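What follows is the content of protein.txt, which has compact mmCIF, C-alpha atoms:
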# COMPACT_ATOMS: atom_id res chain seq x y z
CA MET A 47 -18.38 -16.51 5.55
CA MET A 48 -19.91 -13.40 7.04
CA PRO A 49 -23.59 -13.28 6.18
CA ASP A 50 -23.33 -9.89 4.56
CA ALA A 51 -19.74 -9.21 3.80
CA VAL A 52 -18.66 -9.05 0.24
CA THR A 53 -15.18 -10.26 0.51
CA THR A 54 -15.37 -12.27 3.63
CA PRO A 55 -13.29 -11.07 6.51
CA ILE A 56 -10.47 -13.52 6.81
CA LEU A 57 -11.19 -14.51 10.40
CA GLU A 58 -13.61 -17.05 9.13
CA TYR A 59 -11.07 -18.83 7.03
CA ARG A 60 -8.70 -19.66 9.83
CA ASN A 61 -10.01 -23.11 10.53
CA ASP A 62 -7.08 -24.74 8.85
CA ARG A 63 -3.83 -25.49 10.64
CA GLN A 64 -0.98 -23.10 10.07
CA PRO A 65 2.09 -25.00 11.24
CA GLN A 66 4.48 -22.26 10.21
CA VAL A 67 2.90 -19.91 12.74
CA ARG A 68 4.20 -20.52 16.22
CA ARG A 69 2.69 -17.54 17.98
CA ARG A 70 -0.77 -17.52 19.48
CA GLN A 71 -3.26 -16.30 16.91
CA LEU A 72 -6.54 -14.55 17.46
CA GLY A 73 -9.43 -16.38 15.91
CA PRO A 74 -11.05 -18.30 14.57
CA ILE A 75 -14.22 -17.28 16.24
CA VAL A 76 -17.45 -19.12 16.88
CA PHE A 77 -20.62 -17.14 16.32
CA VAL A 78 -23.33 -17.96 18.84
CA GLN A 79 -27.08 -18.06 18.29
CA SER A 80 -28.18 -18.62 21.89
CA SER A 81 -26.71 -17.58 25.20
CA TRP A 82 -26.69 -21.20 26.44
CA GLU A 83 -23.99 -22.04 23.89
CA ILE A 84 -21.38 -19.84 25.48
CA GLU A 85 -20.66 -21.80 28.65
CA PRO A 86 -20.30 -25.25 27.02
CA ILE A 87 -18.11 -23.78 24.25
CA LEU A 88 -15.88 -22.16 26.87
CA ALA A 89 -15.90 -25.38 28.91
CA ALA A 90 -14.80 -27.36 25.86
CA LEU A 91 -12.01 -24.86 25.11
CA ARG A 92 -10.83 -25.03 28.72
CA LEU A 93 -10.23 -28.76 28.29
CA GLN A 94 -7.23 -27.84 26.13
CA SER A 95 -5.49 -26.79 29.33
CA LEU A 96 -5.78 -30.19 31.01
CA PRO A 97 -2.37 -31.61 31.84
CA HIS A 98 -1.16 -34.70 30.07
CA GLY A 99 -2.22 -37.64 32.24
CA TRP A 100 -5.13 -35.72 33.78
CA ASP A 101 -6.91 -39.06 34.42
CA ARG A 102 -3.84 -40.63 36.04
CA ALA A 103 -3.81 -43.08 33.15
CA GLY A 104 -1.70 -41.10 30.70
CA SER A 105 -4.53 -39.56 28.69
CA PRO A 106 -3.78 -36.43 26.67
CA PRO A 107 -6.10 -33.41 26.78
CA PRO A 108 -8.61 -33.32 23.92
CA GLY A 109 -6.96 -32.21 20.68
CA ASP A 110 -8.11 -29.84 17.96
CA ALA A 111 -10.11 -32.43 16.00
CA ALA A 112 -12.20 -33.41 19.03
CA LEU A 113 -12.68 -29.82 20.22
CA ASP A 114 -13.60 -28.46 16.79
CA ARG A 115 -16.18 -31.21 16.37
CA THR A 116 -17.52 -30.65 19.91
CA ILE A 117 -18.04 -26.95 19.20
CA GLU A 118 -19.59 -27.78 15.84
CA ILE A 119 -22.12 -30.03 17.57
CA ILE A 120 -22.99 -27.41 20.20
CA SER A 121 -23.47 -24.77 17.50
CA SER A 122 -25.52 -27.08 15.31
CA VAL A 123 -27.83 -27.98 18.21
CA ALA A 124 -28.41 -24.28 18.89
CA LYS A 125 -29.47 -23.87 15.26
CA LEU A 126 -32.10 -26.61 15.59
CA GLY A 127 -34.38 -24.02 17.15
CA PHE A 128 -35.48 -25.74 20.37
CA ASP A 129 -36.44 -23.17 23.00
CA ASP A 130 -36.31 -25.61 25.87
CA ILE A 131 -32.88 -27.15 25.49
CA THR A 132 -30.46 -26.43 28.27
CA ALA A 133 -26.69 -26.29 28.04
CA PRO A 134 -24.96 -29.68 27.93
CA HIS A 135 -22.42 -30.77 30.51
CA VAL A 136 -18.96 -31.11 29.01
CA PHE A 137 -16.49 -33.74 30.20
CA PRO A 138 -13.11 -34.94 29.03
CA VAL A 139 -12.96 -38.58 28.01
CA PRO A 140 -9.91 -40.77 28.60
CA GLY A 141 -7.90 -41.11 25.41
CA GLY A 142 -8.39 -37.48 24.31
CA GLY A 143 -12.10 -37.28 23.56
CA VAL A 144 -14.96 -35.13 24.84
CA GLN A 145 -18.42 -36.05 26.10
CA LEU A 146 -21.48 -33.82 25.86
CA GLU A 147 -24.41 -34.70 28.05
CA TRP A 148 -27.89 -33.21 27.80
CA LEU A 149 -30.29 -33.97 30.65
CA GLN A 150 -34.02 -33.34 30.46
CA GLY A 151 -35.96 -34.93 33.31
CA ALA A 152 -35.49 -38.69 33.16
CA ARG A 153 -34.03 -38.54 29.65
CA ARG A 154 -30.40 -38.20 28.83
CA LEU A 155 -28.55 -37.81 25.55
CA GLU A 156 -24.83 -38.46 25.62
CA VAL A 157 -22.65 -37.59 22.66
CA GLU A 158 -19.07 -38.74 22.70
CA VAL A 159 -16.56 -37.10 20.40
CA LEU A 160 -13.56 -39.32 19.81
CA PRO A 161 -10.04 -37.93 19.41
CA ASP A 162 -10.28 -38.12 15.61
CA GLY A 163 -13.52 -36.11 15.61
CA SER A 164 -15.85 -39.04 14.96
CA THR A 165 -18.99 -39.11 17.11
CA GLN A 166 -21.24 -41.61 18.90
CA PHE A 167 -24.45 -41.09 20.82
CA VAL A 168 -26.35 -42.95 23.50
CA THR A 169 -29.91 -42.24 24.63
CA VAL A 170 -30.80 -43.14 28.22
CA ARG A 171 -34.17 -43.11 30.00
CA ASP A 172 -34.48 -43.68 33.75
CA GLY A 173 -30.91 -44.92 33.76
CA ASP A 174 -31.50 -47.54 31.05
CA PRO A 175 -29.78 -47.26 27.68
CA LEU A 176 -32.31 -47.05 24.85
CA GLY A 177 -30.37 -46.55 21.67
CA GLU A 178 -26.95 -45.76 20.33
CA GLY A 179 -25.23 -45.04 17.06
CA GLU A 180 -23.19 -42.54 15.15
CA TYR A 181 -24.26 -38.99 16.01
CA PRO A 182 -25.84 -37.50 12.88
CA LEU A 183 -24.12 -34.24 12.02
CA TRP A 184 -25.98 -34.20 8.74
CA PRO A 185 -28.77 -33.89 7.81
CA PRO A 186 -30.01 -31.66 10.67
CA THR A 187 -33.38 -33.45 10.67
CA GLU A 188 -31.74 -36.56 12.13
CA ALA A 189 -30.19 -34.69 15.04
CA LYS A 190 -33.49 -32.88 15.46
CA SER A 191 -35.30 -36.16 16.05
CA LEU A 192 -32.85 -37.02 18.86
CA PHE A 193 -33.46 -33.71 20.59
CA SER A 194 -37.21 -33.95 20.00
CA TRP A 195 -37.08 -37.22 21.89
CA LEU A 196 -35.04 -35.58 24.65
CA VAL A 197 -37.38 -32.65 25.24
CA SER A 198 -40.60 -34.64 24.82
CA GLY A 199 -40.01 -36.36 28.15
CA VAL A 200 -40.22 -33.16 30.19
CA MET B 24 -7.19 25.62 9.94
CA ALA B 25 -9.14 22.98 11.84
CA GLU B 26 -11.48 20.75 9.82
CA ALA B 27 -15.11 21.79 10.34
CA ASN B 28 -16.42 18.28 10.85
CA PRO B 29 -13.36 16.13 11.40
CA THR B 30 -13.49 12.37 11.02
CA PRO B 31 -13.65 10.71 14.46
CA LYS B 32 -10.41 9.24 15.74
CA PHE B 33 -9.71 6.81 18.56
CA LYS B 34 -6.48 6.07 20.34
CA ARG B 35 -7.47 2.50 21.19
CA PRO B 36 -10.15 1.41 18.70
CA PRO B 37 -11.43 -2.17 19.06
CA VAL B 38 -10.60 -2.96 15.43
CA ILE B 39 -8.95 -6.33 14.91
CA GLU B 40 -9.01 -6.54 11.14
CA THR B 41 -9.36 -4.27 8.11
CA LEU B 42 -9.75 -4.90 4.44
CA LEU B 43 -9.41 -2.74 1.33
CA GLY B 44 -10.28 -4.56 -1.85
CA VAL B 45 -11.44 -4.29 -5.44
CA GLN B 46 -13.48 -6.59 -7.62
CA PHE B 47 -13.10 -6.59 -11.39
CA GLY B 48 -14.19 -8.60 -14.40
CA PRO B 49 -12.34 -11.95 -14.43
CA LEU B 50 -8.95 -11.61 -16.10
CA ARG B 51 -9.22 -14.00 -19.03
CA SER B 52 -5.49 -14.48 -19.48
CA PHE B 53 -4.71 -14.84 -15.78
CA SER B 54 -4.17 -18.48 -14.94
CA ILE B 55 -2.83 -20.61 -12.08
CA PRO B 56 0.88 -20.14 -12.97
CA HIS B 57 0.48 -16.36 -12.70
CA PHE B 58 -0.11 -16.65 -8.94
CA GLY B 59 3.41 -18.03 -8.60
CA LEU B 60 4.90 -15.53 -11.02
CA PHE B 61 3.36 -12.63 -9.12
CA TRP B 62 4.44 -14.13 -5.79
CA SER B 63 8.04 -14.31 -7.01
CA GLN B 64 7.93 -10.52 -7.39
CA ILE B 65 6.60 -9.81 -3.91
CA ARG B 66 8.04 -12.75 -2.01
CA SER B 67 10.64 -10.71 -0.14
CA GLN B 68 7.79 -8.75 1.45
CA TYR B 69 5.22 -11.57 1.59
CA PRO B 70 7.20 -14.77 2.22
CA HIS B 71 4.24 -17.03 3.10
CA GLN B 72 1.37 -18.20 0.93
CA GLU B 73 -1.83 -20.17 1.39
CA MET B 74 -4.38 -21.36 -1.15
CA LYS B 75 -8.07 -20.76 -0.44
CA PRO B 76 -11.31 -21.36 -2.30
CA PRO B 77 -12.27 -18.36 -4.43
CA LEU B 78 -14.85 -15.84 -3.28
CA GLY B 79 -18.05 -15.55 -5.28
CA PRO B 80 -18.82 -12.40 -7.27
CA GLU B 81 -20.70 -9.59 -5.53
CA VAL B 82 -23.14 -7.02 -6.83
CA GLU B 83 -24.22 -3.92 -4.95
CA ASP B 84 -27.63 -3.19 -6.42
CA PHE B 85 -29.16 0.24 -5.93
CA GLY B 86 -32.66 -0.69 -7.05
CA MET B 87 -35.25 -1.87 -4.58
CA SER B 88 -33.38 -4.97 -3.53
CA VAL B 89 -29.95 -5.45 -2.06
CA THR B 90 -27.46 -8.22 -2.64
CA PRO B 91 -29.19 -11.50 -1.82
CA GLY B 92 -27.47 -13.90 0.50
CA GLY B 93 -27.42 -17.64 0.13
CA VAL B 94 -25.63 -20.17 -1.95
CA GLN B 95 -23.94 -19.08 -5.15
CA VAL B 96 -23.00 -21.47 -7.89
CA MET B 97 -20.25 -20.56 -10.31
CA LEU B 98 -19.67 -22.32 -13.59
CA THR B 99 -16.14 -22.09 -14.82
CA THR B 100 -14.15 -23.83 -17.50
CA GLU B 101 -10.82 -23.70 -15.70
CA PRO B 102 -9.58 -24.22 -12.17
CA ASP B 103 -9.97 -21.17 -10.02
CA ALA B 104 -8.29 -20.28 -6.78
CA ARG B 105 -7.61 -17.53 -4.30
CA CYS B 106 -4.13 -17.09 -2.98
CA TRP B 107 -3.03 -15.35 0.19
CA PHE B 108 0.41 -13.77 0.28
CA ILE B 109 1.32 -13.12 3.90
CA ASP B 110 4.10 -11.00 5.37
CA SER B 111 6.52 -12.27 8.01
CA SER B 112 4.61 -10.61 10.86
CA GLN B 113 1.45 -12.43 9.64
CA THR B 114 -0.47 -9.17 10.08
CA GLN B 115 -0.44 -7.96 6.47
CA LEU B 116 -1.69 -9.97 3.57
CA ILE B 117 -2.81 -9.80 -0.02
CA GLN B 118 -5.68 -11.95 -1.28
CA LEU B 119 -5.62 -12.48 -5.03
CA GLN B 120 -7.96 -14.26 -7.41
CA ARG B 121 -8.87 -13.75 -11.06
CA ASP B 122 -11.45 -11.12 -10.21
CA ARG B 123 -10.32 -9.80 -6.81
CA PHE B 124 -7.42 -7.98 -5.26
CA ILE B 125 -7.73 -7.49 -1.51
CA ARG B 126 -5.37 -6.21 1.09
CA ASN B 127 -5.89 -7.05 4.76
CA TRP B 128 -4.40 -5.97 8.02
CA ARG B 129 -5.19 -8.12 11.03
CA LYS B 130 -4.22 -8.49 14.65
CA VAL B 131 -2.38 -11.72 15.32
CA THR B 132 -1.22 -11.64 18.92
CA GLY B 133 -3.80 -9.09 20.01
CA GLU B 134 -1.05 -6.70 21.05
CA GLU B 135 -0.64 -4.96 17.69
CA THR B 136 -1.74 -1.36 17.29
CA TYR B 137 -4.11 -0.47 14.47
CA PRO B 138 -1.83 1.17 11.92
CA GLU B 139 -4.45 3.73 10.77
CA TYR B 140 -6.03 4.24 7.38
CA ALA B 141 -3.42 6.84 6.47
CA VAL B 142 -0.90 3.99 6.49
CA LEU B 143 -3.09 1.24 5.05
CA LYS B 144 -4.26 3.18 1.98
CA PRO B 145 -0.76 3.81 0.57
CA ARG B 146 0.10 0.18 1.22
CA PHE B 147 -2.89 -0.88 -0.86
CA GLU B 148 -1.87 1.58 -3.55
CA GLN B 149 1.67 0.26 -3.58
CA ASP B 150 0.64 -3.40 -3.86
CA TRP B 151 -2.16 -2.74 -6.35
CA THR B 152 0.21 -0.73 -8.57
CA ARG B 153 2.73 -3.53 -8.36
CA PHE B 154 0.04 -5.98 -9.46
CA LEU B 155 -0.93 -3.76 -12.40
CA HIS B 156 2.70 -3.55 -13.51
CA PHE B 157 2.95 -7.33 -13.24
CA LEU B 158 -0.10 -7.71 -15.50
CA ASP B 159 1.39 -5.27 -18.02
CA ASP B 160 4.69 -7.13 -18.09
CA ALA B 161 2.91 -10.48 -18.48
CA GLY B 162 0.78 -9.15 -21.35
CA ILE B 163 -2.43 -9.59 -19.38
CA GLU B 164 -5.29 -7.18 -19.82
CA ARG B 165 -5.81 -4.45 -17.20
CA PRO B 166 -8.60 -5.16 -14.71
CA GLU B 167 -11.87 -3.26 -15.09
CA VAL B 168 -12.80 -2.48 -11.51
CA ASN B 169 -16.53 -2.75 -10.85
CA LEU B 170 -16.66 -2.68 -7.04
CA CYS B 171 -14.62 -1.34 -4.13
CA GLU B 172 -14.93 -2.56 -0.58
CA ALA B 173 -13.61 -1.41 2.77
CA THR B 174 -14.31 -3.53 5.85
CA TYR B 175 -13.48 -2.99 9.51
CA VAL B 176 -14.02 -5.82 11.99
CA ASN B 177 -14.21 -4.85 15.66
CA HIS B 178 -14.21 -7.09 18.72
CA ILE B 179 -15.84 -5.69 21.83
CA PRO B 180 -15.34 -7.91 24.89
CA ILE B 181 -18.36 -8.88 26.96
CA GLY B 182 -18.65 -10.77 30.22
CA VAL B 183 -17.88 -10.50 33.90
CA GLY B 184 -14.68 -8.49 34.30
CA ALA B 185 -14.62 -7.30 30.68
CA GLU B 186 -13.09 -3.84 30.31
CA THR B 187 -16.29 -2.61 28.68
CA GLY B 188 -18.22 -3.20 31.90
CA VAL B 189 -20.84 -5.01 29.80
CA GLU B 190 -21.55 -8.31 31.45
CA SER B 191 -24.09 -9.88 29.12
CA PHE B 192 -25.57 -9.60 25.65
CA GLY B 193 -28.67 -8.15 27.27
CA GLU B 194 -26.66 -5.01 28.00
CA ILE B 195 -25.49 -4.21 24.50
CA HIS B 196 -27.34 -0.90 24.69
CA LYS B 197 -24.29 0.14 26.71
CA ILE B 198 -22.22 -0.44 23.56
CA LEU B 199 -24.59 0.40 20.73
CA SER B 200 -26.33 3.74 20.73
CA VAL B 201 -28.89 2.48 18.22
CA ILE B 202 -30.31 0.06 20.78
CA ALA B 203 -32.32 1.56 23.61
CA ALA B 204 -32.07 0.32 27.19
CA PRO B 205 -35.02 -1.94 28.02
CA ARG B 206 -37.89 0.04 29.54
CA THR B 207 -40.37 -2.75 29.94
CA LYS B 208 -41.15 -4.43 33.24
CA PHE B 209 -42.37 -7.59 31.64
CA LEU B 210 -39.65 -8.81 29.30
CA PRO B 211 -36.50 -10.21 30.85
CA GLU B 212 -33.08 -9.16 29.67
CA SER B 213 -32.63 -10.26 26.07
CA GLU B 214 -30.87 -13.58 25.79
CA VAL B 215 -28.87 -12.68 22.75
CA ALA B 216 -28.98 -9.86 20.24
CA THR B 217 -27.84 -9.54 16.65
CA LEU B 218 -28.15 -6.65 14.25
CA ASN B 219 -28.06 -6.28 10.48
CA SER B 220 -28.52 -2.86 8.96
CA ARG B 221 -27.71 -1.10 5.71
CA TYR B 222 -27.28 2.57 4.94
CA LEU B 223 -27.36 4.05 1.47
CA MET B 224 -24.68 6.59 0.64
CA PRO B 225 -25.75 9.76 -1.22
CA ASP B 226 -25.91 9.65 -5.03
CA LYS B 227 -25.85 5.85 -4.87
CA LYS B 228 -22.12 5.92 -4.41
CA GLY B 229 -22.29 2.87 -2.24
CA ARG B 230 -23.81 1.29 0.80
CA LEU B 231 -22.66 0.75 4.37
CA HIS B 232 -23.49 -2.67 5.83
CA VAL B 233 -23.38 -3.16 9.58
CA THR B 234 -23.56 -6.50 11.34
CA VAL B 235 -23.40 -7.17 15.05
CA GLN B 236 -23.02 -10.73 16.19
CA PRO B 237 -22.10 -12.37 19.49
CA ALA B 238 -19.17 -14.74 19.31
CA VAL B 239 -16.62 -16.70 21.31
CA ARG B 240 -13.00 -16.22 20.36
CA LYS B 241 -11.41 -19.65 20.50
CA ASP B 242 -7.80 -19.00 21.31
CA ASP B 243 -8.14 -16.62 24.24
CA ARG B 244 -11.66 -17.82 25.19
CA ARG B 245 -13.10 -14.34 25.18
CA VAL B 246 -16.76 -13.64 24.61
CA VAL B 247 -17.04 -10.72 22.20
CA LEU B 248 -19.53 -8.74 20.22
CA GLN B 249 -18.27 -8.64 16.65
CA LEU B 250 -19.19 -5.35 15.02
CA THR B 251 -18.43 -5.40 11.30
CA LEU B 252 -18.77 -2.36 9.07
CA THR B 253 -18.49 -2.90 5.33
CA ALA B 254 -18.69 -0.12 2.76
CA ARG B 255 -19.13 -1.16 -0.87
CA GLY B 256 -19.67 0.75 -4.04
CA ARG B 257 -18.60 1.48 -7.56
CA PRO B 258 -15.81 4.00 -8.12
CA GLU B 259 -16.16 6.73 -10.76
CA SER B 260 -13.76 4.77 -12.94
CA GLY B 261 -11.33 1.90 -12.56
CA SER B 262 -8.33 4.21 -12.33
CA THR B 263 -6.21 3.87 -9.22
CA GLU B 264 -6.97 7.50 -8.32
CA ASP B 265 -10.73 6.86 -8.42
CA VAL B 266 -10.38 3.60 -6.50
CA LEU B 267 -8.41 5.39 -3.78
CA ARG B 268 -10.94 8.24 -3.77
CA TRP B 269 -13.72 5.71 -3.24
CA PHE B 270 -11.78 4.14 -0.36
CA ASP B 271 -11.63 7.58 1.27
CA LEU B 272 -15.41 7.76 1.05
CA GLY B 273 -15.88 4.20 2.28
CA HIS B 274 -13.48 4.73 5.16
CA GLU B 275 -15.21 7.95 6.16
CA TRP B 276 -18.58 6.18 6.22
CA ILE B 277 -17.15 3.37 8.29
CA VAL B 278 -15.54 5.65 10.86
CA ARG B 279 -18.43 8.10 11.13
CA GLY B 280 -20.84 5.16 11.14
CA PHE B 281 -18.87 3.45 13.89
CA ALA B 282 -18.92 6.64 15.99
CA ASP B 283 -22.65 7.07 15.41
CA LEU B 284 -23.48 3.49 16.25
CA THR B 285 -21.52 3.28 19.49
CA THR B 286 -22.05 5.01 22.81
CA THR B 287 -20.03 7.83 24.35
CA ASP B 288 -19.13 5.51 27.25
CA MET B 289 -17.41 3.23 24.77
CA HIS B 290 -15.78 6.23 23.06
CA ARG B 291 -14.20 7.09 26.42
CA LEU B 292 -12.94 3.54 26.76
CA TRP B 293 -11.47 3.61 23.27
CA GLU B 294 -10.02 7.06 23.98
CA ARG B 295 -11.72 9.12 21.31
CA ILE B 296 -9.51 12.09 20.51
CA VAL B 297 -11.50 13.80 17.74
Written as structure tokens, that's how I'd like the structure from this file.
Amino acid sequence: MMPDAVTTPILEYRNDRQPQVRRRQLGPIVFVQSSWEIEPILAALRLQSLPHGWDRAGSPPPGDAALDRTIEIISSVAKLGFDDITAPHVFPVPGGGVQLEWLQGARRLEVEVLPDGSTQFVTVRDGDPLGEGEYPLWPPTEAKSLFSWLVSGV
Amino acid sequence: MAEANPTPKFKRPPVIETLLGVQFGPLRSFSIPHFGLFWSQIRSQYPHQEMKPPLGPEVEDFGMSVTPGGVQVMLTTEPDARCWFIDSSQTQLIQLQRDRFIRNWRKVTGEETYPEYAVLKPRFEQDWTRFLHFLDDAGIERPEVNLCEATYVNHIPIGVGAETGVESFGEIHKILSVIAAPRTKFLPESEVATLNSRYLMPDKKGRLHVTVQPAVRKDDRRVVLQLTLTARGRPESGSTEDVLRWFDLGHEWIVRGFADLTTTDMHRLWERIV
């Protein structure tokens, strides 16, 4: 919903699938809080254009569930309020998923979004895996602790 | 005779969506089946429908404070819903709920031309009148309109190669006349810029809300500045004539506000003709 609008411009309610519409539709849109969000969001959206079998093993390009969740994660990280976070690298994952990778010095945070939109993370320091689990989309404090760890190593 | 201070007009305005709507006290006798009954009367013109969660009530306060944002909790004793009735082009739609009647126009492919307010207002009038007749026939009380709203959503492309020539959010002074070009030698170009402002109409007839927010459009991967102008206020009465008169005022504030807020360079791009 628009922060100020009374009746909510409808662009923001176009997250649902509309199978009866076959033409390209404008929207929905993703509001950005920080300029660093733009490139990874665009990079994630570009993954839609990958050909089927892009990995020579028959993988499809990431679908809507994986891309929507990827963008949701990027946007939610921007809202955490860290000034020193850089844009994540965005990679396709065989099987139709997406990987986000934040690098800060010797520390690395990898978030993998699976084709169904579920998420996993791995923390790595000096090349050694430290921890892993389900990426916490909620509450924001849990994701914040991951990124606090990431930036504290710089 | 030429109008002394004509309302600005653009040949290619960046508007991608408009809304004309009214809010009224919840219709007590209007229930879920009435959505379907009303749809059956307009289905030839609006063949598609979608159900949405209802919008919360709005108040435009003219005291010291303005409408607070945040979470709203509604207590209701019966299921509530909002229904969209969409035309075959997908560009025109009605949003209906127990206390709202809204009519939208939107771009779908991006190639559509803005149909102009002179076309949209009579379409609202036609659909609103049809809804009132439906209520009369169904024995449902007439709505008591307490708020009118007009909203225009504009998308202004930004980025390398954008037709605006604005390459980054740090250059939005080239789009918005209310933001001055940076004159400092110390600060770098701003990373991102957003704007929220409100303007009171004379005699407390309403308020114009302006929001500017950077965004990425998903389907065509365009980076845009979304400039939204929303005029809200209470009409003299709930009569259709007064509602339409208020829309004229709201529309005028939106168009004059848009012209005031944007630069002459952008007016050239959008081919201002008045």
Return the single residue from A:Gly104, A:Ile117, A:Ala89, A:Val168 that is closest to Ile75 (chain A), with distances computed using all atoms listed in the file. A:Ile117
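Between CA of Gly151 (chain A) and CA of Gln79 (chain A) lies a distance of 24.3 Å.
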Around (-22.7, -1.7, 27.4) in the file's own coordinates, what residues are found within 9 Å if you use all atoms listed in the file, given back as a ChimeraX atom specification? /B:181,187-199,286,288-289
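Non-sequential neighbours of region 158-172 of chain B (distance at most 7 Å, separation of 4 or more positions within a chain, all atoms listed in the file) are Leu43, Gly44, Val45, Gln46, Phe47, Gly48, Leu50, Ser52, Phe53, Phe154, Thr253, Ala254, Arg255, Gly256, Arg257, Pro258, Gly261 and Val266 of chain B.
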Work out how far CA of Pro237 (chain B) is from CA of Val78 (chain A), in Å to one decimal.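 Separation between CA of Val78 (chain A) and CA of Pro237 (chain B): 5.8 Å.
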Determine, counting all atoms listed in the file, which protein, DNA and RNA residues have an atom within 9 Å of an atom of Ser164 (chain A); residues of the same chain fewer than 6 positions away are not included. Present the result as a PyMOL selection string. chain A and resi 111-112+115+158+180-181
Could you tell me how far CA of Pro182 (chain A) sits from CA of Gly109 (chain A), in Å to one decimal place?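 Between CA of Gly109 (chain A) and CA of Pro182 (chain A) the gap works out to 21.1 Å.
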Would you kindly return, as a PDB file with C-alpha atoms, in the frame of the given file, each protein, DNA or RNA residue with an atom no farther than 9 Å from any atom of Leu91 (chain A), considering only C-alpha atoms and excluding same-chain residues fewer than 3 positions away?
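Output (out.pdb):
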ATOM      1  CA  PRO A  86     -20.300 -25.250  27.020  1.00  0.00           C
ATOM      2  CA  ILE A  87     -18.110 -23.780  24.250  1.00  0.00           C
ATOM      3  CA  LEU A  88     -15.880 -22.160  26.870  1.00  0.00           C
ATOM      4  CA  GLN A  94      -7.230 -27.840  26.130  1.00  0.00           C
ATOM      5  CA  SER A  95      -5.490 -26.790  29.330  1.00  0.00           C
ATOM      6  CA  LEU A 113     -12.680 -29.820  20.220  1.00  0.00           C
ATOM      7  CA  ILE A 117     -18.040 -26.950  19.200  1.00  0.00           C
TER       8      ILE A 117
ATOM      9  CA  LYS B 241     -11.410 -19.650  20.500  1.00  0.00           C
ATOM     10  CA  ASP B 242      -7.800 -19.000  21.310  1.00  0.00           C
ATOM     11  CA  ARG B 244     -11.660 -17.820  25.190  1.00  0.00           C
TER      12      ARG B 244
END
Identify which of the residues B:Ile117, B:Ile109, B:Val297, B:Val131 lies closest to chain A, counting only C-alpha atoms when measuring atom-to-atom distances.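 Nearest candidate to chain A out of B:Ile117, B:Ile109, B:Val297, B:Val131: B:Val131.
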Interface list for chain B, partner chain A, 9 Å threshold, all atoms listed in the file, as an mmCIF file with C-alpha atoms, keeping the file's coordinate frame:
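Output file out35.cif follows:
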data_model
loop_
_atom_site.group_PDB
_atom_site.id
_atom_site.type_symbol
_atom_site.label_atom_id
_atom_site.label_comp_id
_atom_site.auth_asym_id
_atom_site.auth_seq_id
_atom_site.Cartn_x
_atom_site.Cartn_y
_atom_site.Cartn_z
ATOM 1 C CA ILE B 39 -8.950 -6.330 14.910
ATOM 2 C CA GLU B 40 -9.010 -6.540 11.140
ATOM 3 C CA THR B 41 -9.360 -4.270 8.110
ATOM 4 C CA LEU B 42 -9.750 -4.900 4.440
ATOM 5 C CA GLY B 44 -10.280 -4.560 -1.850
ATOM 6 C CA HIS B 71 4.240 -17.030 3.100
ATOM 7 C CA LYS B 75 -8.070 -20.760 -0.440
ATOM 8 C CA LEU B 78 -14.850 -15.840 -3.280
ATOM 9 C CA GLY B 79 -18.050 -15.550 -5.280
ATOM 10 C CA PRO B 80 -18.820 -12.400 -7.270
ATOM 11 C CA GLU B 81 -20.700 -9.590 -5.530
ATOM 12 C CA VAL B 82 -23.140 -7.020 -6.830
ATOM 13 C CA THR B 90 -27.460 -8.220 -2.640
ATOM 14 C CA PRO B 91 -29.190 -11.500 -1.820
ATOM 15 C CA GLY B 92 -27.470 -13.900 0.500
ATOM 16 C CA GLY B 93 -27.420 -17.640 0.130
ATOM 17 C CA GLN B 113 1.450 -12.430 9.640
ATOM 18 C CA ARG B 123 -10.320 -9.800 -6.810
ATOM 19 C CA ILE B 125 -7.730 -7.490 -1.510
ATOM 20 C CA ASN B 127 -5.890 -7.050 4.760
ATOM 21 C CA ARG B 129 -5.190 -8.120 11.030
ATOM 22 C CA LYS B 130 -4.220 -8.490 14.650
ATOM 23 C CA VAL B 131 -2.380 -11.720 15.320
ATOM 24 C CA THR B 132 -1.220 -11.640 18.920
ATOM 25 C CA GLY B 133 -3.800 -9.090 20.010
ATOM 26 C CA GLU B 172 -14.930 -2.560 -0.580
ATOM 27 C CA THR B 174 -14.310 -3.530 5.850
ATOM 28 C CA TYR B 175 -13.480 -2.990 9.510
ATOM 29 C CA VAL B 176 -14.020 -5.820 11.990
ATOM 30 C CA PHE B 192 -25.570 -9.600 25.650
ATOM 31 C CA GLU B 214 -30.870 -13.580 25.790
ATOM 32 C CA VAL B 215 -28.870 -12.680 22.750
ATOM 33 C CA ALA B 216 -28.980 -9.860 20.240
ATOM 34 C CA THR B 217 -27.840 -9.540 16.650
ATOM 35 C CA ASN B 219 -28.060 -6.280 10.480
ATOM 36 C CA HIS B 232 -23.490 -2.670 5.830
ATOM 37 C CA VAL B 233 -23.380 -3.160 9.580
ATOM 38 C CA THR B 234 -23.560 -6.500 11.340
ATOM 39 C CA GLN B 236 -23.020 -10.730 16.190
ATOM 40 C CA PRO B 237 -22.100 -12.370 19.490
ATOM 41 C CA ALA B 238 -19.170 -14.740 19.310
ATOM 42 C CA VAL B 239 -16.620 -16.700 21.310
ATOM 43 C CA ARG B 240 -13.000 -16.220 20.360
ATOM 44 C CA LYS B 241 -11.410 -19.650 20.500
ATOM 45 C CA ASP B 242 -7.800 -19.000 21.310
ATOM 46 C CA ASP B 243 -8.140 -16.620 24.240
ATOM 47 C CA ARG B 244 -11.660 -17.820 25.190
ATOM 48 C CA ARG B 245 -13.100 -14.340 25.180
ATOM 49 C CA VAL B 246 -16.760 -13.640 24.610
ATOM 50 C CA GLN B 249 -18.270 -8.640 16.650
ATOM 51 C CA THR B 251 -18.430 -5.400 11.300
ATOM 52 C CA LEU B 252 -18.770 -2.360 9.070
ATOM 53 C CA THR B 253 -18.490 -2.900 5.330
ATOM 54 C CA ARG B 255 -19.130 -1.160 -0.870
#
